[in-house]
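K.L.:
Dropping in model_3.txt, with compact mmCIF, C-alpha atoms and all ligand atoms.
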```txt
# COMPACT_ATOMS: atom_id res chain seq x y z
CA MET B 1 -81.63 -83.10 -10.94
CA ASP B 2 -78.02 -82.13 -11.55
CA SER B 3 -76.29 -80.36 -8.75
CA PRO B 4 -75.43 -76.72 -9.47
CA LEU B 5 -72.02 -77.39 -7.95
CA THR B 6 -69.22 -78.39 -10.22
CA GLN B 7 -67.06 -81.27 -9.17
CA THR B 8 -64.26 -79.14 -7.72
CA PRO B 9 -66.31 -77.06 -5.28
CA ARG B 10 -68.24 -80.18 -4.31
CA GLU B 11 -64.99 -81.93 -3.42
CA LYS B 12 -63.85 -78.88 -1.49
CA LEU B 13 -67.13 -78.77 0.40
CA GLU B 14 -66.92 -82.48 1.19
CA ALA B 15 -63.37 -82.06 2.45
CA TRP B 16 -64.42 -79.22 4.73
CA LEU B 17 -67.36 -81.19 6.06
CA ARG B 18 -65.12 -84.15 6.78
CA TYR B 19 -62.76 -81.77 8.53
CA TYR B 20 -65.55 -80.58 10.80
CA TYR B 21 -66.62 -84.17 11.40
CA ASP B 22 -63.05 -84.84 12.54
CA LEU B 23 -63.37 -81.99 14.98
CA ASN B 24 -66.45 -83.73 16.30
CA LEU B 25 -68.66 -80.92 15.05
CA GLY B 26 -71.28 -82.96 13.36
CA THR B 27 -74.19 -80.82 12.37
CA PHE B 28 -74.67 -77.11 12.17
CA TYR B 29 -78.15 -75.83 11.64
CA THR B 30 -80.30 -72.93 12.51
CA ASP B 31 -83.37 -73.64 14.59
CA ARG B 32 -85.86 -71.95 12.29
CA ARG B 33 -88.74 -72.38 14.71
CA SER B 34 -87.10 -69.86 16.93
CA MET B 35 -86.84 -67.32 14.12
CA GLU B 36 -90.47 -66.47 14.67
CA LYS B 37 -89.85 -65.76 18.30
CA ARG B 38 -86.36 -64.64 19.17
CA PRO B 39 -85.09 -66.74 22.08
CA SER B 40 -83.82 -65.31 25.30
CA LYS B 41 -80.09 -65.54 25.93
CA ARG B 42 -80.73 -68.30 28.47
CA ALA B 43 -82.75 -70.28 25.91
CA ALA B 44 -79.98 -69.86 23.37
CA GLU B 45 -77.43 -71.17 25.84
CA ASN B 46 -79.62 -74.16 26.63
CA ALA B 47 -79.93 -74.94 22.93
CA ILE B 48 -76.21 -75.50 22.54
CA ALA B 49 -75.27 -79.12 22.95
CA VAL B 50 -71.91 -79.35 24.67
CA VAL B 51 -69.48 -81.50 22.71
CA PRO B 52 -66.93 -83.19 24.98
CA GLY B 53 -63.61 -81.38 24.76
CA ILE B 54 -65.01 -78.47 22.75
CA GLN B 55 -65.90 -75.26 24.47
CA PRO B 56 -69.16 -73.93 23.09
CA VAL B 57 -69.15 -70.26 22.17
CA VAL B 58 -72.27 -68.34 23.03
CA ALA B 59 -72.78 -65.00 21.35
CA SER B 60 -73.68 -62.32 23.88
CA ALA B 61 -76.25 -60.94 21.46
CA PRO B 62 -77.81 -63.59 19.19
CA PRO B 63 -78.33 -62.34 15.61
CA LYS B 64 -81.83 -61.07 14.91
CA THR B 65 -82.31 -63.12 11.77
CA ALA B 66 -81.24 -66.48 13.04
CA GLY B 67 -81.93 -68.84 15.89
CA PRO B 68 -79.32 -70.44 18.11
CA LEU B 69 -76.48 -72.40 16.62
CA VAL B 70 -76.88 -76.04 17.52
CA MET B 71 -73.85 -78.30 17.51
CA LEU B 72 -74.42 -82.01 17.68
CA PRO B 73 -71.64 -84.49 18.41
CA VAL B 74 -70.92 -87.10 15.79
CA VAL B 75 -70.80 -90.77 16.56
CA ASN B 76 -68.49 -92.93 14.43
CA ALA B 77 -67.53 -90.04 12.21
CA PRO B 78 -65.35 -90.93 9.23
CA SER B 79 -61.73 -89.91 9.72
CA LEU B 80 -60.28 -87.13 7.64
CA PHE B 81 -57.10 -89.10 7.36
CA GLU B 82 -58.82 -91.95 5.59
CA THR B 83 -59.41 -89.50 2.76
CA ILE B 84 -55.74 -88.74 2.22
CA ASP B 85 -54.68 -90.84 -0.73
CA ARG B 86 -52.00 -93.38 -0.13
CA VAL B 87 -49.39 -93.53 -2.89
CA GLU B 88 -49.42 -96.98 -4.42
CA ASN B 89 -46.21 -99.01 -4.15
CA ASP B 90 -44.56 -96.14 -2.35
CA THR B 91 -41.12 -96.53 -0.80
CA LEU B 92 -38.98 -94.33 1.41
CA GLU B 93 -36.54 -94.01 -1.50
CA ARG B 94 -39.31 -92.71 -3.72
CA VAL B 95 -40.46 -90.24 -1.08
CA ARG B 96 -36.89 -88.98 -0.73
CA GLU B 97 -36.55 -88.78 -4.50
CA ASP B 98 -39.77 -86.79 -4.79
CA LEU B 99 -38.58 -84.42 -2.08
CA GLY B 100 -35.38 -83.82 -4.04
CA GLU B 101 -33.41 -80.68 -3.23
CA CYS B 102 -36.65 -79.18 -2.05
CA THR B 103 -37.30 -75.45 -2.28
CA ARG B 104 -41.05 -75.69 -1.69
CA CYS B 105 -40.99 -73.49 1.41
CA ARG B 106 -38.80 -70.71 2.79
CA LEU B 107 -37.00 -73.07 5.16
CA HIS B 108 -34.77 -74.15 2.29
CA LEU B 109 -33.13 -70.72 2.24
CA GLN B 110 -30.94 -71.20 5.31
CA ARG B 111 -30.66 -74.94 5.56
CA ASN B 112 -27.43 -76.78 5.21
CA LYS B 113 -28.79 -80.32 4.73
CA ILE B 114 -32.26 -81.79 4.39
CA VAL B 115 -32.94 -84.08 7.34
CA PHE B 116 -35.22 -86.68 5.83
CA GLY B 117 -35.27 -89.28 8.59
CA ALA B 118 -33.24 -92.30 9.67
CA GLY B 119 -33.66 -95.75 11.06
CA ASN B 120 -35.32 -99.05 10.31
CA PRO B 121 -37.68 -98.76 7.33
CA ARG B 122 -39.71 -101.61 8.86
CA ALA B 123 -39.73 -100.21 12.36
CA GLU B 124 -42.61 -101.01 14.65
CA ILE B 125 -42.27 -97.59 16.20
CA VAL B 126 -41.68 -94.19 14.60
CA PHE B 127 -40.71 -91.12 16.61
CA VAL B 128 -41.78 -87.83 15.03
CA GLY B 129 -40.20 -84.59 16.17
CA GLU B 130 -40.69 -80.99 15.13
CA GLY B 131 -37.73 -80.12 12.92
CA PRO B 132 -33.96 -80.27 12.70
CA GLY B 133 -31.74 -78.17 14.95
CA HIS B 134 -28.18 -77.01 14.41
CA ASP B 135 -26.44 -80.38 14.75
CA GLU B 136 -29.04 -82.14 12.64
CA ASP B 137 -28.73 -79.49 9.94
CA VAL B 138 -24.97 -79.98 9.82
CA GLN B 139 -25.08 -83.78 9.75
CA GLY B 140 -28.29 -84.32 7.81
CA LEU B 141 -29.49 -86.74 10.51
CA PRO B 142 -32.39 -86.43 12.95
CA PHE B 143 -31.95 -86.07 16.71
CA VAL B 144 -28.17 -86.06 16.95
CA GLY B 145 -27.75 -83.08 19.31
CA ARG B 146 -28.35 -82.93 23.06
CA ALA B 147 -32.04 -83.66 22.70
CA GLY B 148 -31.11 -86.52 20.38
CA LYS B 149 -28.88 -88.06 23.04
CA LEU B 150 -31.78 -87.96 25.47
CA LEU B 151 -34.03 -89.56 22.85
CA THR B 152 -31.46 -92.32 22.45
CA GLN B 153 -31.58 -92.90 26.22
CA MET B 154 -35.36 -93.05 26.06
CA ILE B 155 -35.23 -95.60 23.25
CA GLU B 156 -32.67 -97.72 25.08
CA ALA B 157 -34.70 -97.55 28.27
CA MET B 158 -37.51 -99.10 26.24
CA GLY B 159 -35.24 -102.05 25.47
CA LEU B 160 -34.53 -100.93 21.90
CA GLN B 161 -31.66 -99.47 19.92
CA ARG B 162 -31.89 -96.45 17.65
CA GLU B 163 -31.43 -98.76 14.66
CA ASP B 164 -34.62 -100.58 15.64
CA VAL B 165 -36.82 -97.52 15.29
CA TYR B 166 -37.39 -94.81 12.70
CA ILE B 167 -36.91 -91.15 13.58
CA CYS B 168 -38.04 -88.17 11.54
CA ASN B 169 -39.50 -84.70 11.83
CA VAL B 170 -42.48 -82.73 10.60
CA VAL B 171 -40.29 -80.30 8.63
CA LYS B 172 -37.13 -81.53 6.99
CA CYS B 173 -35.17 -78.27 7.05
CA ARG B 174 -33.98 -76.36 10.08
CA PRO B 175 -36.10 -73.34 10.97
CA PRO B 176 -33.81 -70.31 11.53
CA GLU B 177 -32.81 -69.84 15.17
CA ASN B 178 -34.67 -73.08 15.93
CA ARG B 179 -37.97 -71.24 15.81
CA LYS B 180 -41.24 -73.17 15.62
CA PRO B 181 -42.15 -73.96 12.01
CA GLU B 182 -44.87 -71.75 10.56
CA ASP B 183 -48.21 -73.25 9.59
CA ASP B 184 -47.52 -72.95 5.86
CA GLU B 185 -44.12 -74.63 6.27
CA VAL B 186 -45.72 -77.50 8.17
CA GLY B 187 -48.48 -77.72 5.58
CA THR B 188 -45.99 -77.85 2.72
CA CYS B 189 -43.65 -80.40 4.25
CA SER B 190 -45.98 -82.72 6.15
CA PRO B 191 -47.29 -84.66 3.11
CA TYR B 192 -43.82 -86.22 2.93
CA LEU B 193 -44.14 -87.22 6.58
CA TYR B 194 -47.55 -88.78 5.88
CA ARG B 195 -45.98 -90.81 3.08
CA GLN B 196 -43.09 -91.91 5.31
CA LEU B 197 -45.56 -93.14 7.90
CA ASP B 198 -47.68 -94.88 5.29
CA VAL B 199 -44.64 -96.70 3.89
CA ILE B 200 -43.24 -97.77 7.26
CA ALA B 201 -46.69 -98.64 8.62
CA PRO B 202 -45.47 -98.89 12.23
CA LYS B 203 -47.48 -100.34 15.09
CA ALA B 204 -47.06 -97.11 17.04
CA ILE B 205 -46.21 -93.51 16.33
CA VAL B 206 -44.76 -91.41 19.13
CA CYS B 207 -45.17 -87.69 18.59
CA LEU B 208 -42.48 -85.74 20.38
CA GLY B 209 -43.97 -82.39 21.24
CA ALA B 210 -46.91 -80.30 20.16
CA THR B 211 -45.86 -79.58 16.57
CA ALA B 212 -45.75 -83.26 15.67
CA VAL B 213 -49.12 -84.17 17.13
CA GLN B 214 -50.73 -81.01 15.75
CA ALA B 215 -49.38 -81.74 12.26
CA LEU B 216 -50.60 -85.33 12.25
CA LEU B 217 -53.99 -84.66 13.80
CA LYS B 218 -54.45 -81.35 11.98
CA THR B 219 -55.33 -79.52 15.12
CA LYS B 220 -54.20 -76.50 17.07
CA ASP B 221 -55.10 -78.02 20.40
CA SER B 222 -52.43 -78.09 23.07
CA ILE B 223 -50.41 -81.25 23.58
CA SER B 224 -51.88 -81.54 27.07
CA ARG B 225 -55.17 -82.56 25.48
CA PHE B 226 -53.57 -85.59 23.82
CA ARG B 227 -50.55 -86.50 25.94
CA GLY B 228 -50.56 -89.93 27.48
CA THR B 229 -53.61 -91.33 25.68
CA TRP B 230 -53.82 -93.44 22.57
CA ILE B 231 -55.19 -91.74 19.50
CA ASP B 232 -56.05 -93.32 16.18
CA TYR B 233 -54.08 -92.02 13.21
CA ARG B 234 -55.01 -93.78 9.99
CA ASN B 235 -55.53 -97.04 11.90
CA THR B 236 -52.21 -96.71 13.69
CA LYS B 237 -51.91 -96.00 17.40
CA LEU B 238 -50.45 -92.61 18.11
CA MET B 239 -49.05 -91.49 21.45
CA ALA B 240 -48.10 -87.88 22.08
CA THR B 241 -45.52 -87.03 24.67
CA TYR B 242 -43.10 -84.23 25.48
CA HIS B 243 -40.18 -83.38 23.21
CA PRO B 244 -36.74 -84.33 24.61
CA ALA B 245 -35.69 -80.67 24.28
CA TYR B 246 -38.51 -79.81 26.70
CA LEU B 247 -37.24 -82.49 29.07
CA LEU B 248 -33.78 -80.91 29.00
CA ARG B 249 -35.37 -77.72 30.28
CA ASN B 250 -37.84 -79.49 32.59
CA PRO B 251 -36.26 -82.72 33.86
CA ALA B 252 -39.13 -83.19 36.30
CA ALA B 253 -41.38 -84.06 33.34
CA LYS B 254 -39.34 -87.17 32.55
CA GLY B 255 -41.55 -89.24 34.81
CA GLU B 256 -44.62 -88.32 32.74
CA VAL B 257 -42.82 -89.23 29.52
CA TRP B 258 -41.70 -92.53 30.98
CA LYS B 259 -45.34 -93.35 31.80
CA ASP B 260 -46.28 -92.57 28.18
CA LEU B 261 -43.46 -94.72 26.83
CA GLN B 262 -44.47 -97.59 29.11
CA LYS B 263 -47.87 -97.59 27.43
CA VAL B 264 -46.11 -97.82 24.07
CA MET B 265 -43.96 -100.67 25.37
CA ALA B 266 -47.01 -102.54 26.63
CA HIS B 267 -48.61 -102.16 23.19
CA LEU B 268 -45.47 -103.50 21.49
CA GLY B 269 -44.78 -106.20 24.08
CA LEU B 270 -41.45 -104.64 25.06
CA HIS B 271 -39.74 -105.01 28.39
CA PRO B 272 -37.75 -102.12 29.84
CA LYS B 273 -34.03 -102.43 30.47
CA LYS B 274 -34.04 -99.63 32.98
CA SER B 275 -36.17 -96.69 33.92
CA MET B 276 -35.60 -93.38 32.20
CA ARG B 277 -33.53 -90.97 34.22
S1 LIG Q 301 -39.01 -77.82 5.10
FE1 LIG Q 301 -39.82 -79.40 3.74
S2 LIG Q 301 -41.07 -78.28 2.24
FE2 LIG Q 301 -39.73 -76.78 3.24
S3 LIG Q 301 -37.94 -76.68 1.89
FE3 LIG Q 301 -37.48 -78.18 3.49
S4 LIG Q 301 -38.05 -80.14 2.61
FE4 LIG Q 301 -39.03 -78.55 1.37
```
Could you spell out this file's structure in structure tokens?
Ligand code: SF4

P.N.:
Amino acid sequence: MDSPLTQTPREKLEAWLRYYYDLNLGTFYTDRRSMEKRPSKRAAENAIAVVPGIQPVVASAPPKTAGPLVMLPVVNAPSLFETIDRVENDTLERVREDLGECTRCRLHLQRNKIVFGAGNPRAEIVFVGEGPGHDEDVQGLPFVGRAGKLLTQMIEAMGLQREDVYICNVVKCRPPENRKPEDDEVGTCSPYLYRQLDVIAPKAIVCLGATAVQALLKTKDSISRFRGTWIDYRNTKLMATYHPAYLLRNPAAKGEVWKDLQKVMAHLGLHPKKSMR
């Protein structure tokens, strides 16, 4: 029997379901047996399977017409990111060309230069930051201000040079007053980041700060949930750590970042030249 859904809504529904699978929310269903006899609050609480890392929400007054919401964790769920099409025969030049003199979001209004990214197009490691600041906006290059100098020190401490790695941001235009990019700005610009990462195909991605990891993992969770542990991003290892600008304000956190970078170095077989100071 033909489905009453047309192709477009079906695809939308599938995308949403995959999204929930990625959040580890596998199955939602209403326990219809309990509709005949409304469960006590305690029974409703007991019926909620706790998914690791996800706080279950228990309604104080369960609806009269439905039983408890049951959430089941998913094992080996397909990744949402596997469903994002890769552009065939893509190159960084083509991505830049497609971006053009972009006016797709409001960040173009006050920018001076688009900061596309810089470095080795065959880098084994890509650093992803949030967005350009003042110096980057003037020069059209990523991480060239004070935070950039600290990033350079971090890279050199790993036994690498800036030219060995690739550096880019989630949004390519400077947000006014260095504010955090809005969700719609991130959503509009990040497909170009995905393409950059697909083209470079590094062995490791280092997300500098919450915006980068949230954009790549499509989550709103705090960086503290991800920092310091390997995460799979489209079959590439992703490590989230603090942004160098945060380290300028909180130098005591450098030790944590150095531990994160040492994990990256171990993965890449790198030997440190010196510790990060
Ligand atoms: S931030 Fe990205 S999407 Fe927005 S105008 Fe700049 S290049 Fe275009």

K.L.:
Pick from B:Cys173, B:Ala210, B:Ala253, B:Leu109: nearest to ligand LIG 301 (chain Q), with all atoms listed in the file counted?

P.N.:
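That would be B:Cys173, the residue with the smallest distance to ligand LIG 301 (chain Q).
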
K.L.:
My list of candidates is B:Glu163, B:Asp98, B:Asp198, B:Asp85. Which is closest to ligand LIG 301 (chain Q) when distances are computed with all atoms listed in the file?

P.N.:
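So, comparing all the options, the nearest one is B:Asp98.
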
K.L.:
Between CA of Met239 in chain B and CA of Leu107 in chain B, what distance in Å does the model show, to one decimal?

P.N.:
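Separating CA of Met239 in chain B from CA of Leu107 in chain B is a distance of 27.4 Å.
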
K.L.:
Enclose ligand LIG 301 (chain Q), meaning all of its atoms listed in the file, in a box aligned along x, y and z, pad it by 4 Å on each side, and list the centre and edge lengths in Å to one decimal, as lines of an AutoDock Vina configuration file.

P.N.:
```
center_x = -39.3
center_y = -78.4
center_z = 3.2
size_x = 11.6
size_y = 11.5
size_z = 11.7
```

K.L.:
When you look at Val165 in chain B with a cut-off of 7 Å (counting all atoms listed in the file), what residues show up, excluding the ones that are within fewer than 6 positions of it in the same chain? I need them as an MDAnalysis selection string.

P.N.:
chainID B and resid 119:120 123:126

K.L.:
Using all atoms listed in the file for the distances, tell me which of B:Ala215, B:Val138, B:Ile114, B:Leu92 is nearest to ligand LIG 301 (chain Q).

P.N.:
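Checking each candidate against ligand LIG 301 (chain Q), we get B:Ile114 as the closest.
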
K.L.:
As number ranges by chain, please: every protein or nucleic acid residue near ligand LIG 301 (chain Q) (cut-off 9 Å, counting all atoms listed in the file).

P.N.:
B: 99-109, 111, 114-116, 131, 170-175, 181, 185-192

K.L.:
Give me the residues within 10 Å of range 156-162 of chain B as a PyMOL selection string, counting all atoms listed in the file and dropping any in the same chain fewer than 2 places off.

P.N.:
chain B and resi 118-120+150-154+164-167+258+261-262+264-265+270-277

K.L.:
Hey, can you spit out that residue selection with C-alpha atoms as a CSV table (one decimal), keeping the file's coordinate frame?

P.N.:
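Below is the file that was written, part_22.csv:
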```csv
chain,number,residue,atom,x,y,z
B,118,ALA,CA,-33.2,-92.3,9.7
B,119,GLY,CA,-33.7,-95.8,11.1
B,120,ASN,CA,-35.3,-99.0,10.3
B,150,LEU,CA,-31.8,-88.0,25.5
B,151,LEU,CA,-34.0,-89.6,22.8
B,152,THR,CA,-31.5,-92.3,22.4
B,153,GLN,CA,-31.6,-92.9,26.2
B,154,MET,CA,-35.4,-93.0,26.1
B,164,ASP,CA,-34.6,-100.6,15.6
B,165,VAL,CA,-36.8,-97.5,15.3
B,166,TYR,CA,-37.4,-94.8,12.7
B,167,ILE,CA,-36.9,-91.2,13.6
B,258,TRP,CA,-41.7,-92.5,31.0
B,261,LEU,CA,-43.5,-94.7,26.8
B,262,GLN,CA,-44.5,-97.6,29.1
B,264,VAL,CA,-46.1,-97.8,24.1
B,265,MET,CA,-44.0,-100.7,25.4
B,270,LEU,CA,-41.4,-104.6,25.1
B,271,HIS,CA,-39.7,-105.0,28.4
B,272,PRO,CA,-37.8,-102.1,29.8
B,273,LYS,CA,-34.0,-102.4,30.5
B,274,LYS,CA,-34.0,-99.6,33.0
B,275,SER,CA,-36.2,-96.7,33.9
B,276,MET,CA,-35.6,-93.4,32.2
B,277,ARG,CA,-33.5,-91.0,34.2
```

K.L.:
Ranking B:Pro202, B:Gly255, B:Gly228, B:Gly209 by minimum distance to Leu268 in chain B and counting all atoms listed in the file, which one comes first?

P.N.:
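Ranked by minimum distance to Leu268 in chain B, first place goes to B:Pro202.
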
K.L.:
Between B:His134, B:His267, B:Arg122, B:Arg146, which has the minimum distance to Glu177 in chain B (counting all atoms listed in the file)?

P.N.:
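The closest residue to Glu177 in chain B is B:His134.
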
K.L.:
For CA of Asp90 in chain B and CA of Leu216 in chain B, quote the distance in Å rounded to one decimal.

P.N.:
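CA of Asp90 in chain B sits 19.1 Å away from CA of Leu216 in chain B.
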
K.L.:
Report, in Å to a single decimal, how far apart CA of Glu97 in chain B and CA of Gly148 in chain B are.

P.N.:
25.6 Å

K.L.:
Select from range 124-144 of chain B every residue with an atom at most 10 Å from any atom of range 243-252 of chain B, then for each give the shortest pair of atoms and their distance in Å to one decimal, using only C-alpha atoms, rows by chain and rising number, as CSV.

P.N.:
```
residue,atom,partner,partner_atom,distance
B:Val128,CA,B:His243,CA,9.4
B:Gly129,CA,B:His243,CA,7.1
B:Glu130,CA,B:His243,CA,8.4
B:Phe143,CA,B:Pro244,CA,9.4
```

K.L.:
Hey, what's within 9 Å of Gly140 in chain B if we count only C-alpha atoms and toss same-chain stuff fewer than 3 positions away? As a PDB file with C-alpha atoms, in the coordinates of the input, please?

P.N.:
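Saved as around_36.pdb:
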```
ATOM      1  CA  ASN B 112     -27.430 -76.780   5.210  1.00  0.00           C
ATOM      2  CA  LYS B 113     -28.790 -80.320   4.730  1.00  0.00           C
ATOM      3  CA  ILE B 114     -32.260 -81.790   4.390  1.00  0.00           C
ATOM      4  CA  VAL B 115     -32.940 -84.080   7.340  1.00  0.00           C
ATOM      5  CA  PHE B 116     -35.220 -86.680   5.830  1.00  0.00           C
ATOM      6  CA  GLY B 117     -35.270 -89.280   8.590  1.00  0.00           C
ATOM      7  CA  PRO B 132     -33.960 -80.270  12.700  1.00  0.00           C
ATOM      8  CA  ASP B 135     -26.440 -80.380  14.750  1.00  0.00           C
ATOM      9  CA  GLU B 136     -29.040 -82.140  12.640  1.00  0.00           C
ATOM     10  CA  ASP B 137     -28.730 -79.490   9.940  1.00  0.00           C
TER      11      ASP B 137
END
```

K.L.:
Between B:Glu256, B:Trp230, B:Gln196, B:Val144, single out the one closest to Pro121 in chain B, counting only C-alpha atoms.

P.N.:
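Among B:Glu256, B:Trp230, B:Gln196, B:Val144, it is B:Gln196 that comes nearest to Pro121 in chain B.
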
K.L.:
Counting only C-alpha atoms, what is within 10 Å of Arg227 in chain B, bar same-chain residues fewer than 4 positions away, as a compact mmCIF listing (two decimals) with C-alpha atoms, in the coordinates of the input?

P.N.:
```
# COMPACT_ATOMS: atom_id res chain seq x y z
CA CYS B 207 -45.17 -87.69 18.59
CA LEU B 208 -42.48 -85.74 20.38
CA GLY B 209 -43.97 -82.39 21.24
CA ALA B 210 -46.91 -80.30 20.16
CA VAL B 213 -49.12 -84.17 17.13
CA SER B 222 -52.43 -78.09 23.07
CA ILE B 223 -50.41 -81.25 23.58
CA ILE B 231 -55.19 -91.74 19.50
CA LEU B 238 -50.45 -92.61 18.11
CA MET B 239 -49.05 -91.49 21.45
CA ALA B 240 -48.10 -87.88 22.08
CA THR B 241 -45.52 -87.03 24.67
CA TYR B 242 -43.10 -84.23 25.48
CA GLU B 256 -44.62 -88.32 32.74
CA VAL B 257 -42.82 -89.23 29.52
CA ASP B 260 -46.28 -92.57 28.18
```

K.L.:
Could you give me, as a JSON list (two decimals) with C-alpha atoms, in the frame of the given file, the residues within 10 Å of Val87 in chain B, counting all atoms listed in the file and dropping anything in the same chain fewer than 3 positions from it?

P.N.:
```json
[["chain", "number", "residue", "atom", "x", "y", "z"],
["B", 84, "ILE", "CA", -55.74, -88.74, 2.22],
["B", 90, "ASP", "CA", -44.56, -96.14, -2.35],
["B", 91, "THR", "CA", -41.12, -96.53, -0.80],
["B", 95, "VAL", "CA", -40.46, -90.24, -1.08],
["B", 195, "ARG", "CA", -45.98, -90.81, 3.08],
["B", 198, "ASP", "CA", -47.68, -94.88, 5.29],
["B", 199, "VAL", "CA", -44.64, -96.70, 3.89]]
```

K.L.:
Mind rebuilding range 254-268 of chain B with N, CA and C atoms and writing that out as a JSON list (two decimals), in the frame of the given file?

P.N.:
```
[["chain", "number", "residue", "atom", "x", "y", "z"],
["B", 254, "LYS", "N", -39.77, -85.87, 33.08],
["B", 254, "LYS", "CA", -39.34, -87.17, 32.55],
["B", 254, "LYS", "C", -40.23, -88.31, 33.03],
["B", 255, "GLY", "N", -40.69, -88.19, 34.27],
["B", 255, "GLY", "CA", -41.55, -89.24, 34.81],
["B", 255, "GLY", "C", -42.83, -89.40, 33.99],
["B", 256, "GLU", "N", -43.40, -88.27, 33.55],
["B", 256, "GLU", "CA", -44.62, -88.32, 32.74],
["B", 256, "GLU", "C", -44.34, -89.00, 31.40],
["B", 257, "VAL", "N", -43.19, -88.63, 30.81],
["B", 257, "VAL", "CA", -42.82, -89.23, 29.52],
["B", 257, "VAL", "C", -42.59, -90.72, 29.68],
["B", 258, "TRP", "N", -41.96, -91.11, 30.76],
["B", 258, "TRP", "CA", -41.70, -92.53, 30.98],
["B", 258, "TRP", "C", -43.02, -93.30, 31.07],
["B", 259, "LYS", "N", -44.02, -92.69, 31.72],
["B", 259, "LYS", "CA", -45.34, -93.35, 31.80],
["B", 259, "LYS", "C", -45.91, -93.52, 30.39],
["B", 260, "ASP", "N", -45.76, -92.49, 29.56],
["B", 260, "ASP", "CA", -46.28, -92.57, 28.18],
["B", 260, "ASP", "C", -45.57, -93.68, 27.42],
["B", 261, "LEU", "N", -44.24, -93.72, 27.57],
["B", 261, "LEU", "CA", -43.46, -94.72, 26.83],
["B", 261, "LEU", "C", -43.78, -96.13, 27.33],
["B", 262, "GLN", "N", -44.11, -96.26, 28.60],
["B", 262, "GLN", "CA", -44.47, -97.59, 29.11],
["B", 262, "GLN", "C", -45.75, -98.10, 28.46],
["B", 263, "LYS", "N", -46.65, -97.17, 28.14],
["B", 263, "LYS", "CA", -47.87, -97.59, 27.43],
["B", 263, "LYS", "C", -47.51, -98.09, 26.03],
["B", 264, "VAL", "N", -46.55, -97.40, 25.40],
["B", 264, "VAL", "CA", -46.11, -97.82, 24.07],
["B", 264, "VAL", "C", -45.46, -99.20, 24.17],
["B", 265, "MET", "N", -44.64, -99.38, 25.19],
["B", 265, "MET", "CA", -43.96, -100.67, 25.37],
["B", 265, "MET", "C", -44.97, -101.79, 25.60],
["B", 266, "ALA", "N", -45.99, -101.51, 26.38],
["B", 266, "ALA", "CA", -47.01, -102.54, 26.63],
["B", 266, "ALA", "C", -47.70, -102.91, 25.32],
["B", 267, "HIS", "N", -47.96, -101.91, 24.49],
["B", 267, "HIS", "CA", -48.61, -102.16, 23.19],
["B", 267, "HIS", "C", -47.72, -103.01, 22.29],
["B", 268, "LEU", "N", -46.41, -102.78, 22.36],
["B", 268, "LEU", "CA", -45.47, -103.50, 21.49],
["B", 268, "LEU", "C", -44.92, -104.76, 22.14]]
```
